[in-house]
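Participant: Got a structure for you, input_29.txt, holding compact mmCIF, C-alpha atoms.
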```txt
# COMPACT_ATOMS: atom_id res chain seq x y z
CA MET D 280 8.59 139.80 -45.90
CA PRO D 281 8.35 136.38 -44.31
CA PRO D 282 9.01 136.30 -40.58
CA CYS D 283 11.89 133.85 -40.87
CA ALA D 284 13.89 136.25 -42.97
CA CYS D 285 13.57 139.32 -40.83
CA SER D 286 13.56 140.46 -37.21
CA LEU D 287 11.38 142.98 -35.50
CA SER D 288 12.55 145.55 -32.98
CA LYS D 289 10.81 148.30 -31.17
CA SER D 290 12.34 151.68 -30.33
CA LYS D 291 10.99 154.69 -28.51
CA ASN D 292 11.34 158.06 -30.14
CA CYS D 293 9.84 161.19 -28.43
CA GLY D 294 7.34 159.07 -26.59
CA GLU D 295 6.20 157.33 -29.72
CA THR D 296 6.75 153.70 -30.35
CA THR D 297 7.78 152.82 -33.86
CA THR D 298 8.49 149.43 -35.29
CA LYS D 299 11.50 148.90 -37.55
CA VAL D 300 12.16 145.87 -39.62
CA TYR D 301 15.80 144.72 -40.04
CA PRO D 302 16.50 142.05 -42.63
CA ILE D 303 18.73 139.19 -41.49
CA TYR D 304 21.14 137.73 -43.95
CA SER D 305 19.45 134.35 -44.03
CA ARG D 306 21.63 133.04 -46.81
CA ALA D 307 24.77 133.85 -44.88
CA LEU D 308 23.35 132.22 -41.74
CA THR D 309 22.41 129.10 -43.65
CA ALA D 310 25.84 128.95 -45.22
CA LEU D 311 27.47 129.37 -41.82
CA LEU D 312 25.38 126.57 -40.34
CA LEU D 313 26.22 124.31 -43.25
CA CYS D 314 29.89 125.02 -42.66
CA ILE D 315 29.68 124.23 -38.95
CA LEU D 316 27.53 121.12 -39.19
CA PRO D 317 30.15 118.87 -40.79
CA LEU D 318 32.56 119.74 -38.00
CA LEU D 319 30.27 118.35 -35.34
CA ALA D 320 30.96 114.82 -34.09
CA SER D 321 28.71 112.95 -31.76
CA CYS D 322 28.21 109.56 -30.23
CA VAL D 323 25.06 107.92 -28.92
CA MET D 324 25.03 104.86 -26.68
CA LEU D 325 21.81 103.30 -25.56
CA PRO D 326 21.85 100.26 -23.27
CA ILE D 327 18.77 98.06 -23.57
CA PRO D 328 18.29 95.53 -20.74
CA THR D 329 17.38 91.96 -21.68
CA THR D 330 16.60 88.79 -19.81
CA GLU D 331 19.61 86.67 -18.98
CA SER D 332 18.80 83.92 -21.42
CA LYS D 333 21.79 83.98 -23.72
CA VAL D 334 25.13 82.44 -22.77
CA LEU D 335 28.01 84.52 -24.10
CA ALA D 336 30.88 82.43 -22.78
CA GLY D 337 31.52 79.40 -20.63
CA LYS D 338 29.14 76.81 -19.25
CA PRO D 339 26.59 78.14 -16.75
CA VAL D 340 26.29 76.40 -13.39
CA LYS D 341 22.75 76.66 -12.09
CA GLU D 342 21.85 77.01 -8.44
CA GLU D 343 20.19 73.58 -8.39
CA GLN D 344 23.40 71.98 -9.66
CA LEU D 345 25.10 72.97 -6.45
CA SER D 346 22.96 70.79 -4.18
CA PHE D 347 25.59 68.05 -4.16
CA LEU D 348 28.17 70.39 -2.63
CA LYS D 349 28.40 69.67 1.09
CA PRO D 350 31.12 71.38 3.11
CA ASN D 351 33.55 68.94 4.74
CA ILE D 352 32.03 66.05 2.79
CA THR D 353 32.25 66.59 -0.97
CA THR D 354 35.70 65.89 -2.37
CA LYS D 355 37.62 67.61 -5.15
CA GLN D 356 37.21 64.51 -7.28
CA ASP D 357 33.40 64.65 -6.81
CA VAL D 358 33.42 68.26 -7.97
CA ILE D 359 35.40 67.47 -11.11
CA GLU D 360 33.14 64.51 -11.90
CA ARG D 361 29.97 66.60 -11.55
CA LEU D 362 31.06 69.96 -12.94
CA GLY D 363 34.06 69.09 -15.10
CA SER D 364 37.46 70.75 -15.04
CA PRO D 365 37.42 74.27 -13.64
CA ASN D 366 38.47 77.28 -15.70
CA VAL D 367 40.95 78.44 -13.10
CA ILE D 368 42.80 76.58 -10.37
CA TRP D 369 44.47 78.73 -7.74
CA GLU D 370 46.83 76.08 -6.47
CA ASP D 371 48.18 77.30 -3.16
CA VAL D 372 44.84 78.50 -1.77
CA ARG D 373 43.03 75.44 -3.18
CA VAL D 374 40.39 77.36 -5.11
CA PHE D 375 38.50 76.20 -8.18
CA ALA D 376 36.72 78.78 -10.34
CA TYR D 377 34.07 78.07 -12.97
CA ASN D 378 33.28 81.10 -15.12
CA TRP D 379 30.50 81.96 -17.48
CA ASP D 380 29.03 85.11 -19.00
CA MET D 381 25.33 85.78 -19.56
CA ARG D 382 23.90 88.54 -21.70
CA GLN D 383 22.22 91.14 -19.52
CA GLY D 384 21.57 93.69 -22.20
CA ILE D 385 22.35 95.04 -25.62
CA LEU D 386 24.25 98.24 -26.19
CA PHE D 387 23.11 100.19 -29.21
CA TRP D 388 25.74 102.65 -30.39
CA ALA D 389 25.98 105.21 -33.14
CA VAL D 390 28.83 107.51 -34.02
CA GLY D 391 28.71 110.37 -36.47
CA ALA D 392 31.45 112.72 -37.52
CA TYR D 393 31.92 114.98 -40.51
CA TYR D 394 30.29 113.27 -43.45
CA SER D 395 30.47 109.73 -42.16
CA GLY D 396 29.15 107.64 -39.33
CA GLY D 397 28.55 104.17 -38.07
CA MET D 398 26.21 102.26 -35.85
CA GLY D 399 25.88 98.82 -34.36
CA THR D 400 25.03 96.73 -31.33
CA MET D 401 27.02 94.76 -28.83
CA ASP D 402 26.14 92.40 -26.01
CA ILE D 403 26.52 93.56 -22.43
CA PRO D 404 27.86 90.62 -20.42
CA LYS D 405 27.29 89.74 -16.80
CA HIS D 406 30.23 87.80 -15.41
CA TYR D 407 29.33 84.88 -13.17
CA ALA D 408 31.66 82.61 -11.26
CA LEU D 409 31.27 79.62 -9.03
CA LEU D 410 34.10 79.65 -6.53
CA ILE D 411 34.91 76.59 -4.47
CA GLN D 412 37.60 76.40 -1.82
CA PHE D 413 38.91 73.09 -0.53
CA ASP D 414 40.57 72.22 2.73
CA GLU D 415 43.91 70.46 3.04
CA GLN D 416 42.17 67.10 2.72
CA ASP D 417 40.72 68.18 -0.63
CA ARG D 418 37.19 68.43 0.75
CA VAL D 419 34.91 71.36 0.02
CA GLN D 420 35.40 74.04 2.63
CA ARG D 421 33.10 76.68 1.18
CA PHE D 422 31.59 77.71 -2.12
CA GLU D 423 29.73 80.63 -3.58
CA ARG D 424 28.12 81.66 -6.83
CA ARG D 425 29.05 85.28 -7.41
CA VAL D 426 28.80 88.04 -9.96
CA ARG D 427 31.98 89.89 -10.84
CA PRO D 428 31.55 93.60 -11.52
CA SER D 429 32.84 94.55 -14.96
CA SER D 430 35.01 97.22 -13.39
CA GLN D 431 36.88 94.67 -11.26
CA SER D 432 39.77 92.65 -12.60
CA TYR D 433 39.45 88.91 -12.38
CA ILE D 434 42.41 88.48 -10.04
CA ASP D 435 41.10 91.17 -7.67
CA PHE D 436 37.76 89.40 -7.66
CA LEU D 437 39.44 86.12 -6.68
CA LYS D 438 41.65 87.77 -4.07
CA GLU D 439 38.66 89.50 -2.52
CA TRP D 440 36.74 86.25 -2.22
CA VAL D 441 39.67 84.38 -0.75
CA LYS D 442 40.23 87.10 1.85
CA THR D 443 36.57 87.52 2.74
CA PRO D 444 34.92 84.36 4.01
CA SER D 445 31.23 83.90 3.23
CA PRO D 446 28.88 84.90 6.06
CA GLN D 447 28.00 81.87 8.15
CA SER D 448 24.56 81.52 9.60
CA PRO D 449 21.98 78.73 9.83
CA GLN D 450 19.87 80.43 7.15
CA ASN D 451 22.81 81.16 4.92
CA PRO D 452 25.43 78.50 5.48
CA PRO D 453 28.74 78.72 3.64
CA GLY D 454 28.28 78.09 -0.02
CA GLN D 455 24.69 79.22 -0.25
CA GLY D 456 25.51 82.58 -1.70
CA GLU D 457 23.15 84.39 -4.02
CA MET Q 236 50.89 139.23 -42.46
CA LYS Q 237 50.79 135.69 -43.75
CA TYR Q 238 53.48 134.26 -45.99
CA THR Q 239 53.17 130.94 -47.61
CA GLY Q 240 55.93 131.11 -50.18
CA PHE Q 241 59.04 129.04 -49.69
CA HIS Q 242 61.33 132.04 -49.94
CA SER Q 243 59.40 134.21 -47.60
CA GLU Q 244 60.87 135.37 -44.32
CA GLN Q 245 58.25 133.66 -42.24
CA ARG Q 246 56.11 130.61 -42.72
CA TYR Q 247 52.76 129.78 -41.21
CA ILE Q 248 52.38 126.22 -40.04
CA GLU Q 249 48.86 125.12 -40.77
CA GLY Q 250 46.89 123.91 -37.80
CA HIS Q 251 49.48 125.03 -35.26
CA GLY Q 252 48.78 128.71 -35.49
CA VAL Q 253 52.49 129.40 -35.14
CA TRP Q 254 54.76 131.50 -37.26
CA TYR Q 255 58.25 130.21 -37.81
CA SER Q 256 61.01 132.31 -39.22
CA GLN Q 257 62.99 131.02 -42.14
CA ASP Q 258 65.90 130.40 -39.77
CA THR Q 259 63.85 128.37 -37.31
CA LEU Q 260 62.43 125.81 -39.70
CA PRO Q 261 65.72 124.39 -41.03
CA SER Q 262 66.98 124.22 -37.46
CA LEU Q 263 63.95 122.23 -36.41
CA LEU Q 264 64.29 119.91 -39.38
CA SER Q 265 67.97 119.41 -38.63
CA ALA Q 266 67.20 118.60 -35.01
CA LEU Q 267 64.53 116.16 -36.09
CA ALA Q 268 66.89 114.47 -38.53
CA LEU Q 269 69.52 114.16 -35.80
CA MET Q 270 66.99 112.66 -33.43
CA VAL Q 271 65.92 110.08 -36.01
CA LEU Q 272 69.56 109.24 -36.77
CA PHE Q 273 70.37 108.89 -33.06
CA ALA Q 274 67.34 106.70 -32.44
CA ASN Q 275 68.32 104.56 -35.41
CA LEU Q 276 71.89 104.16 -34.22
CA VAL Q 277 70.78 103.29 -30.71
CA GLY Q 278 68.11 100.97 -32.00
CA CYS Q 279 70.43 99.19 -34.41
CA THR Q 280 73.21 98.61 -31.98
CA SER Q 281 71.43 97.79 -28.73
CA LEU Q 282 70.24 94.42 -27.59
CA ASN Q 283 67.71 94.00 -24.86
CA VAL Q 284 70.14 92.59 -22.31
CA LEU Q 285 69.79 91.94 -18.59
CA SER Q 286 69.55 95.08 -16.50
CA ASP Q 287 71.58 95.45 -13.31
CA ALA Q 288 68.40 95.09 -11.26
CA GLU Q 289 67.56 91.83 -13.03
CA LYS Q 290 71.08 90.52 -12.57
CA SER Q 291 71.03 91.21 -8.84
CA ALA Q 292 67.57 89.63 -8.56
CA ILE Q 293 68.87 86.53 -10.34
CA ASN Q 294 71.98 86.36 -8.17
CA ALA Q 295 69.81 86.73 -5.07
CA GLY Q 296 67.63 83.87 -6.26
CA GLU Q 297 64.55 86.06 -6.61
CA LYS Q 298 64.31 85.68 -10.38
CA THR Q 299 65.08 82.99 -12.89
CA VAL Q 300 66.51 83.29 -16.37
CA VAL Q 301 63.96 81.39 -18.42
CA LEU Q 302 65.59 80.50 -21.72
CA LEU Q 303 63.89 79.25 -24.84
CA ARG Q 304 64.62 79.06 -28.52
CA ILE Q 305 62.38 79.77 -31.48
CA GLU Q 306 63.68 77.77 -34.41
CA CYS Q 307 62.16 79.66 -37.30
CA THR Q 308 62.20 78.54 -40.92
CA ILE Q 309 60.70 80.29 -43.92
CA ASP Q 310 60.29 78.10 -46.98
CA ASN Q 311 62.41 75.52 -45.18
CA GLN Q 312 65.30 77.96 -44.79
CA PRO Q 313 66.51 79.25 -41.39
CA TYR Q 314 65.17 82.73 -40.62
CA GLU Q 315 65.75 85.19 -37.78
CA PRO Q 316 62.61 85.26 -35.64
CA PHE Q 317 63.59 88.42 -33.76
CA ARG Q 318 64.96 91.68 -35.03
CA ALA Q 319 67.69 93.53 -33.13
CA SER Q 320 65.41 96.52 -32.72
CA MET Q 321 62.20 98.04 -33.96
CA TRP Q 322 64.21 100.17 -36.39
CA THR Q 323 65.44 97.20 -38.31
CA GLY Q 324 62.00 95.82 -39.06
CA GLU Q 325 59.04 94.09 -37.56
CA PRO Q 326 59.70 90.87 -35.66
CA VAL Q 327 58.16 87.88 -37.37
CA VAL Q 328 57.60 86.22 -34.01
CA ALA Q 329 55.99 87.99 -31.04
CA LEU Q 330 55.95 86.62 -27.52
CA GLY Q 331 53.51 87.24 -24.70
CA ILE Q 332 53.47 86.13 -21.08
CA GLY Q 333 50.56 85.73 -18.70
CA GLY Q 334 50.92 85.05 -15.03
CA PHE Q 335 49.20 85.42 -11.69
CA GLU Q 336 48.05 89.02 -12.09
CA THR Q 337 46.52 88.41 -15.51
CA VAL Q 338 45.23 84.93 -14.55
CA GLY Q 339 47.21 83.44 -17.39
CA GLU Q 340 46.05 85.83 -20.07
CA PRO Q 341 49.13 86.71 -22.11
CA ARG Q 342 50.29 90.27 -22.69
CA LEU Q 343 53.02 91.31 -25.08
CA ALA Q 344 56.19 91.03 -23.06
CA ALA Q 345 59.72 92.35 -23.32
CA HIS Q 346 62.26 89.59 -23.67
CA GLY Q 347 66.00 89.76 -23.85
CA PHE Q 348 68.87 88.26 -25.79
CA LEU Q 349 72.11 86.97 -24.38
CA SER Q 350 74.18 87.95 -27.40
CA GLU Q 351 73.84 88.99 -31.02
CA ASP Q 352 74.68 85.50 -32.27
CA SER Q 353 72.21 83.83 -29.95
CA ARG Q 354 69.51 86.29 -31.02
CA ARG Q 355 70.10 85.41 -34.65
CA ALA Q 356 69.76 81.75 -33.76
CA GLY Q 357 66.43 82.44 -32.06
CA TRP Q 358 67.49 82.19 -28.39
CA THR Q 359 65.69 84.54 -26.05
CA TYR Q 360 64.94 84.73 -22.36
CA PHE Q 361 62.58 86.13 -19.74
CA ALA Q 362 63.58 87.06 -16.20
CA LEU Q 363 60.72 85.67 -14.09
CA SER Q 364 60.05 84.93 -10.46
CA SER Q 365 58.88 81.46 -9.51
CA GLY Q 366 55.34 80.61 -10.50
CA VAL Q 367 53.17 79.36 -13.31
CA TYR Q 368 53.16 81.31 -16.56
CA TYR Q 369 51.51 81.03 -19.94
CA LEU Q 370 53.72 81.78 -22.92
CA ALA Q 371 51.96 82.88 -26.10
CA VAL Q 372 53.82 82.66 -29.40
CA LEU Q 373 52.59 84.46 -32.48
CA GLY Q 374 54.11 83.92 -35.90
CA PRO Q 375 56.07 83.60 -38.01
CA GLU Q 376 54.12 86.38 -39.64
CA SER Q 377 55.07 89.79 -41.00
CA ASP Q 378 52.57 91.59 -38.79
CA ALA Q 379 53.12 89.45 -35.68
CA GLY Q 380 53.92 92.58 -33.68
CA ILE Q 381 50.48 94.08 -34.17
CA LYS Q 382 48.27 91.00 -33.93
CA ASN Q 383 46.30 90.05 -30.85
CA ILE Q 384 48.62 88.00 -28.69
CA ARG Q 385 45.67 86.61 -26.73
CA GLU Q 386 44.69 84.55 -29.75
CA ALA Q 387 48.12 83.00 -30.12
CA PRO Q 388 48.90 79.38 -29.20
CA ARG Q 389 49.98 79.04 -25.58
CA TRP Q 390 52.30 76.94 -23.49
CA ARG Q 391 52.40 76.51 -19.77
CA VAL Q 392 55.73 77.28 -18.15
CA ASP Q 393 56.52 76.20 -14.59
CA VAL Q 394 59.26 78.22 -12.97
CA PRO Q 395 60.33 76.38 -9.84
CA GLU Q 396 61.68 78.05 -6.73
CA ASN Q 397 65.42 78.21 -6.03
CA THR Q 398 66.33 77.96 -9.70
CA ARG Q 399 68.46 80.58 -11.37
CA LEU Q 400 68.72 79.11 -14.84
CA LEU Q 401 65.89 77.32 -16.58
CA TYR Q 402 65.56 76.07 -20.14
CA ILE Q 403 62.00 75.43 -21.31
CA GLY Q 404 62.62 74.03 -24.79
CA THR Q 405 63.00 74.87 -28.46
CA LEU Q 406 59.92 75.57 -30.50
CA PRO Q 407 60.17 74.98 -34.26
CA LEU Q 408 57.96 77.39 -36.22
CA ALA Q 409 57.57 77.26 -39.98
CA GLY Q 410 56.45 80.00 -42.31
CA ARG Q 411 56.26 80.72 -45.99
CA ALA Q 412 56.98 83.74 -48.14
CA ASP Q 413 53.85 85.09 -49.77
CA GLY Q 414 55.06 87.85 -52.07
CA THR Q 415 57.05 90.95 -51.28
CA PHE Q 416 56.27 94.37 -49.85
CA LEU Q 417 56.23 97.43 -52.06
CA LEU Q 418 59.58 98.59 -50.72
CA GLY Q 419 61.08 95.10 -50.58
CA GLY Q 420 61.14 92.41 -47.93
CA LYS Q 421 59.23 89.18 -47.81
CA ILE Q 422 55.61 89.02 -46.78
CA ILE Q 423 55.67 86.15 -44.32
CA LYS Q 424 52.70 83.99 -43.52
CA PRO Q 425 52.63 81.08 -41.08
CA ALA Q 426 52.76 77.61 -42.54
CA ASN Q 427 50.70 74.88 -40.97
CA ASN Q 428 51.87 74.76 -37.38
CA GLU Q 429 49.11 72.51 -36.13
CA GLU Q 430 51.46 70.15 -34.35
CA PHE Q 431 53.90 72.02 -32.21
CA ILE Q 432 56.63 69.70 -30.98
CA VAL Q 433 58.86 71.23 -28.37
CA LYS Q 434 62.43 70.06 -28.88
CA ASN Q 435 65.02 69.59 -26.17
CA GLU Q 436 68.38 71.22 -26.88
CA HIS Q 437 69.60 70.87 -23.34
CA GLU Q 438 73.33 70.84 -24.09
CA LEU Q 439 73.18 73.90 -26.35
CA ALA Q 440 71.16 75.82 -23.78
CA LYS Q 441 73.50 74.74 -20.99
CA SER Q 442 76.63 75.94 -22.81
CA LEU Q 443 74.96 79.24 -23.74
CA LEU Q 444 73.91 79.96 -20.16
CA ALA Q 445 77.25 78.82 -18.75
CA GLU Q 446 78.96 81.32 -21.04
CA HIS Q 447 76.82 84.23 -19.87
CA PHE Q 448 76.17 83.16 -16.27
CA PRO Q 449 79.33 81.41 -15.16
CA GLY Q 450 78.29 81.49 -11.51
CA GLY Q 451 74.63 80.78 -12.15
CA GLY Q 452 74.73 77.20 -10.95
CA GLU Q 453 73.19 74.22 -12.63
CA MET Q 454 70.67 74.77 -15.39
CA LYS Q 455 67.37 72.95 -15.08
CA THR Q 456 65.31 71.82 -18.05
CA SER Q 457 61.54 71.78 -17.77
CA LYS Q 458 59.85 71.71 -21.16
CA MET Q 459 56.89 74.00 -21.64
CA GLN Q 460 53.55 72.22 -21.94
CA ARG Q 461 50.98 73.00 -24.64
CA TRP Q 462 47.86 74.69 -23.29
CA ARG Q 463 44.62 74.58 -25.25
CA GLN Q 464 41.32 76.41 -24.88
CA GLY Q 465 39.29 74.57 -22.25
CA ASP Q 466 42.29 73.47 -20.21
CA PRO Q 467 42.32 74.92 -16.70
CA ILE Q 468 44.49 77.96 -16.08
CA ILE Q 469 46.65 77.27 -13.06
CA ILE Q 470 47.88 80.17 -10.95
CA ARG Q 471 50.09 80.32 -7.90
CA THR Q 472 50.50 83.20 -5.46
CA PRO Q 473 53.81 84.93 -6.09
CA ARG Q 474 56.34 85.02 -3.31
CA PRO Q 475 56.32 88.30 -1.37
CA ASP Q 476 59.86 89.12 -2.54
CA SER Q 477 59.15 88.40 -6.21
CA GLY Q 478 58.27 91.99 -6.98
CA LYS Q 479 61.68 93.30 -5.94
```
Have the structure of the file written as structure tokens, please.
Facilitator:
Amino acid sequence: MPPCACSLSKSKNCGETTTKVYPIYSRALTALLLCILPLLASCVMLPIPTTESKVLAGKPVKEEQLSFLKPNITTKQDVIERLGSPNVIWEDVRVFAYNWDMRQGILFWAVGAYYSGGMGTMDIPKHYALLIQFDEQDRVQRFERRVRPSSQSYIDFLKEWVKTPSPQSPQNPPGQGE
Amino acid sequence: MKYTGFHSEQRYIEGHGVWYSQDTLPSLLSALALMVLFANLVGCTSLNVLSDAEKSAINAGEKTVVLLRIECTIDNQPYEPFRASMWTGEPVVALGIGGFETVGEPRLAAHGFLSEDSRRAGWTYFALSSGVYYLAVLGPESDAGIKNIREAPRWRVDVPENTRLLYIGTLPLAGRADGTFLLGGKIIKPANNEEFIVKNEHELAKSLLAEHFPGGGEMKTSKMQRWRQGDPIIIRTPRPDSGK
């Protein structure tokens, strides 16, 4: 009898060890497994990191493009001429926001359930923003290039930046973030 | 013991693992039928009107009645853009509003009607605190209620401070009938609405608001402005008392 279709057990009887062979109902087991398998549903998600070379949304503002921004000197008009219209204007706190998304990875996903399934890929974005705050004379007060965590809402991100001034030091003057 | 016959004393409800006696099931069905009837009656006869909280907020100057009209035509014939309730059919026009918290991104929003007649004519309102909003209008389309409002055309709405009554314009929307549903009713598709021209029906709006808000003061008119992809989204911090 092939080993896969039977099980072995040992029992002691009057000091003697005997070996008995019990057949397992392999057909029944197979049938049971076949019945259970279609009920199983599963999902696989595999994030694959990539270089940030693909723009998913918006117009990226590179670090070197910010060299013209000088606190207390650069005007709002200068900013619009160099960078174009912002995506968001927070009027009463005089903030401009330029947003763009870069691809930081690809998410491979697969879902299987019952007799059907599906699979695909989607881009994982990294949300960037250039935030510029002006003073009452419409001159740049501070600026920062920041990454917004995906878990944070956009308005909370803006509120947080407005409430928390950039650290000021000779090595890292306002607006030299990241 | 498991009975499945219709005349048996007990019945086994598949998937629920519960036995119901023959007496219980008709009672449940009757209750369900009554609930559906009640919901239908309520749905058919109720308009989304101003709540007491909204009224007091308007009277206190914390909120503004922002009135607009959707002038809907299907095959060049006037057509009701809004249904009285979800029980009487899908609306062919859906409205969304985006403000400070959503940074202008519209979300499907509840809007009210001043009267049954004004609803039929396409008048509707929002109760909003002062600020900048983005109104999204989807339709006329049979499935406007289930489409993504974020992809709808948008207009910028400025709600000034110290204004109780504001009219933001009349938006003509054209559609066409494209066949009928299996159980009747037109399948409505939008006609070419490339050029949206906001009309000014100041006098009509003024008389409608004066009728419903006799002590509301003077109505202001500030036509909504078309917003297109690429235009900046403007936001303004809400007043601290605007959430009341």
Participant: Name the residues in contact with Ser429 of chain D at a cut-off of 10 Å, using only C-alpha atoms, excluding same-chain residues fewer than 4 positions from it; report them as a list in words.
Facilitator: Ile403, Pro404, Lys405, His406 and Tyr433 of chain D
Participant: Please, what distance in Å, to one decimal, runs between atom CA of Val426 of chain D and atom CA of Pro339 of chain D?
Facilitator: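 It comes out at 12.2 Å.
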Participant: Could the residues of chain Q that have an atom at most 10 Å from chain D be listed as JSON lines, each with its closest atom pair and the distance in Å to one decimal, counting all atoms listed in the file and ordered by chain and ascending residue number?
Facilitator:
```
{"residue": "Q:Phe335", "atom": "CA", "partner": "D:Ile434", "partner_atom": "CA", "distance": 7.6}
{"residue": "Q:Glu336", "atom": "CA", "partner": "D:Ile434", "partner_atom": "CA", "distance": 6.0}
{"residue": "Q:Thr337", "atom": "CA", "partner": "D:Ile434", "partner_atom": "CA", "distance": 6.8}
{"residue": "Q:Val338", "atom": "CA", "partner": "D:Ile434", "partner_atom": "CA", "distance": 6.4}
{"residue": "Q:Gly339", "atom": "CA", "partner": "D:Val367", "partner_atom": "CA", "distance": 9.1}
{"residue": "Q:Val367", "atom": "CA", "partner": "D:Glu370", "partner_atom": "CA", "distance": 9.9}
{"residue": "Q:Gln464", "atom": "CA", "partner": "D:Asn366", "partner_atom": "CA", "distance": 9.7}
{"residue": "Q:Gly465", "atom": "CA", "partner": "D:Asn366", "partner_atom": "CA", "distance": 7.1}
{"residue": "Q:Asp466", "atom": "CA", "partner": "D:Asn366", "partner_atom": "CA", "distance": 7.0}
{"residue": "Q:Pro467", "atom": "CA", "partner": "D:Asn366", "partner_atom": "CA", "distance": 4.6}
{"residue": "Q:Ile468", "atom": "CA", "partner": "D:Val367", "partner_atom": "CA", "distance": 4.7}
{"residue": "Q:Ile469", "atom": "CA", "partner": "D:Ile368", "partner_atom": "CA", "distance": 4.7}
{"residue": "Q:Ile470", "atom": "CA", "partner": "D:Trp369", "partner_atom": "CA", "distance": 4.9}
{"residue": "Q:Arg471", "atom": "CA", "partner": "D:Glu370", "partner_atom": "CA", "distance": 5.5}
{"residue": "Q:Thr472", "atom": "CA", "partner": "D:Asp371", "partner_atom": "CA", "distance": 6.7}
{"residue": "Q:Pro473", "atom": "CA", "partner": "D:Asp371", "partner_atom": "CA", "distance": 9.9}
```
Participant: Report, in Å with one decimal, the straight-line distance from atom CA of Leu444 of chain Q to atom CA of Leu373 of chain Q.
Facilitator: 25.0 Å
Participant: Between atom CA of Gln460 of chain Q and atom CA of Asp380 of chain D, what distance in Å does the model show, to one decimal?
Facilitator: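 A separation of 27.9 Å between them.
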Participant: Counting only C-alpha atoms, which residues come within 7 Å of (53.3, 89.8, -33.9), with the point read in the file's coordinates, and could you list them as a PyMOL selection string?
Facilitator: chain Q and resi 326-329+373-374+376+378-382
Participant: Between Q:Glu386, Q:Asp393, Q:Asp352, Q:Glu315, which is the closest to Leu443 of chain Q once you count all atoms listed in the file?
Facilitator: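 For Leu443 of chain Q, the nearest of the candidates is Q:Asp352.
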Participant: Applying 8 Å and all atoms listed in the file, which residues near Leu325 of chain D remain after dropping the ones on its own chain fewer than 4 positions away? List them as JSON, numbers by chain.
Facilitator: {"D": [386, 387, 388]}
Participant: Using all atoms listed in the file, which residues sit within 10 Å of Trp440 of chain D once same-chain residues fewer than 4 positions away are excluded, as number ranges by chain?
Facilitator: D: 410, 412, 422-423, 425, 434-436, 444-445
Participant: Take the residues just selected and output them with C-alpha atoms as a short mmCIF file (atom, residue, chain, number, x, y, z; two decimals), in the coordinates of the input.
Facilitator:
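Output below, filename again28.cif:
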```cif
data_model
loop_
_atom_site.label_atom_id
_atom_site.label_comp_id
_atom_site.auth_asym_id
_atom_site.auth_seq_id
_atom_site.Cartn_x
_atom_site.Cartn_y
_atom_site.Cartn_z
CA LEU D 410 34.10 79.65 -6.53
CA GLN D 412 37.60 76.40 -1.82
CA PHE D 422 31.59 77.71 -2.12
CA GLU D 423 29.73 80.63 -3.58
CA ARG D 425 29.05 85.28 -7.41
CA ILE D 434 42.41 88.48 -10.04
CA ASP D 435 41.10 91.17 -7.67
CA PHE D 436 37.76 89.40 -7.66
CA PRO D 444 34.92 84.36 4.01
CA SER D 445 31.23 83.90 3.23
#
```
Participant: At a cut-off of 9 Å from (64.6, 78.1, -14.9) in the coordinates of the file, what residues are picked up using only C-alpha atoms, written as JSON, numbers by chain?
Facilitator: {"Q": [298, 299, 300, 301, 302, 363, 365, 393, 394, 395, 396, 397, 398, 399, 400, 401, 402, 403, 454, 455, 456, 457]}
Participant: Identify, on the basis of all atoms listed in the file, every residue whose closest approach to Ile385 of chain D does not exceed 10 Å; exclude the query and any residue fewer than 5 positions from it along the same chain; express the result as a ChimeraX atom specification.
Facilitator: /D:325-329,400-404
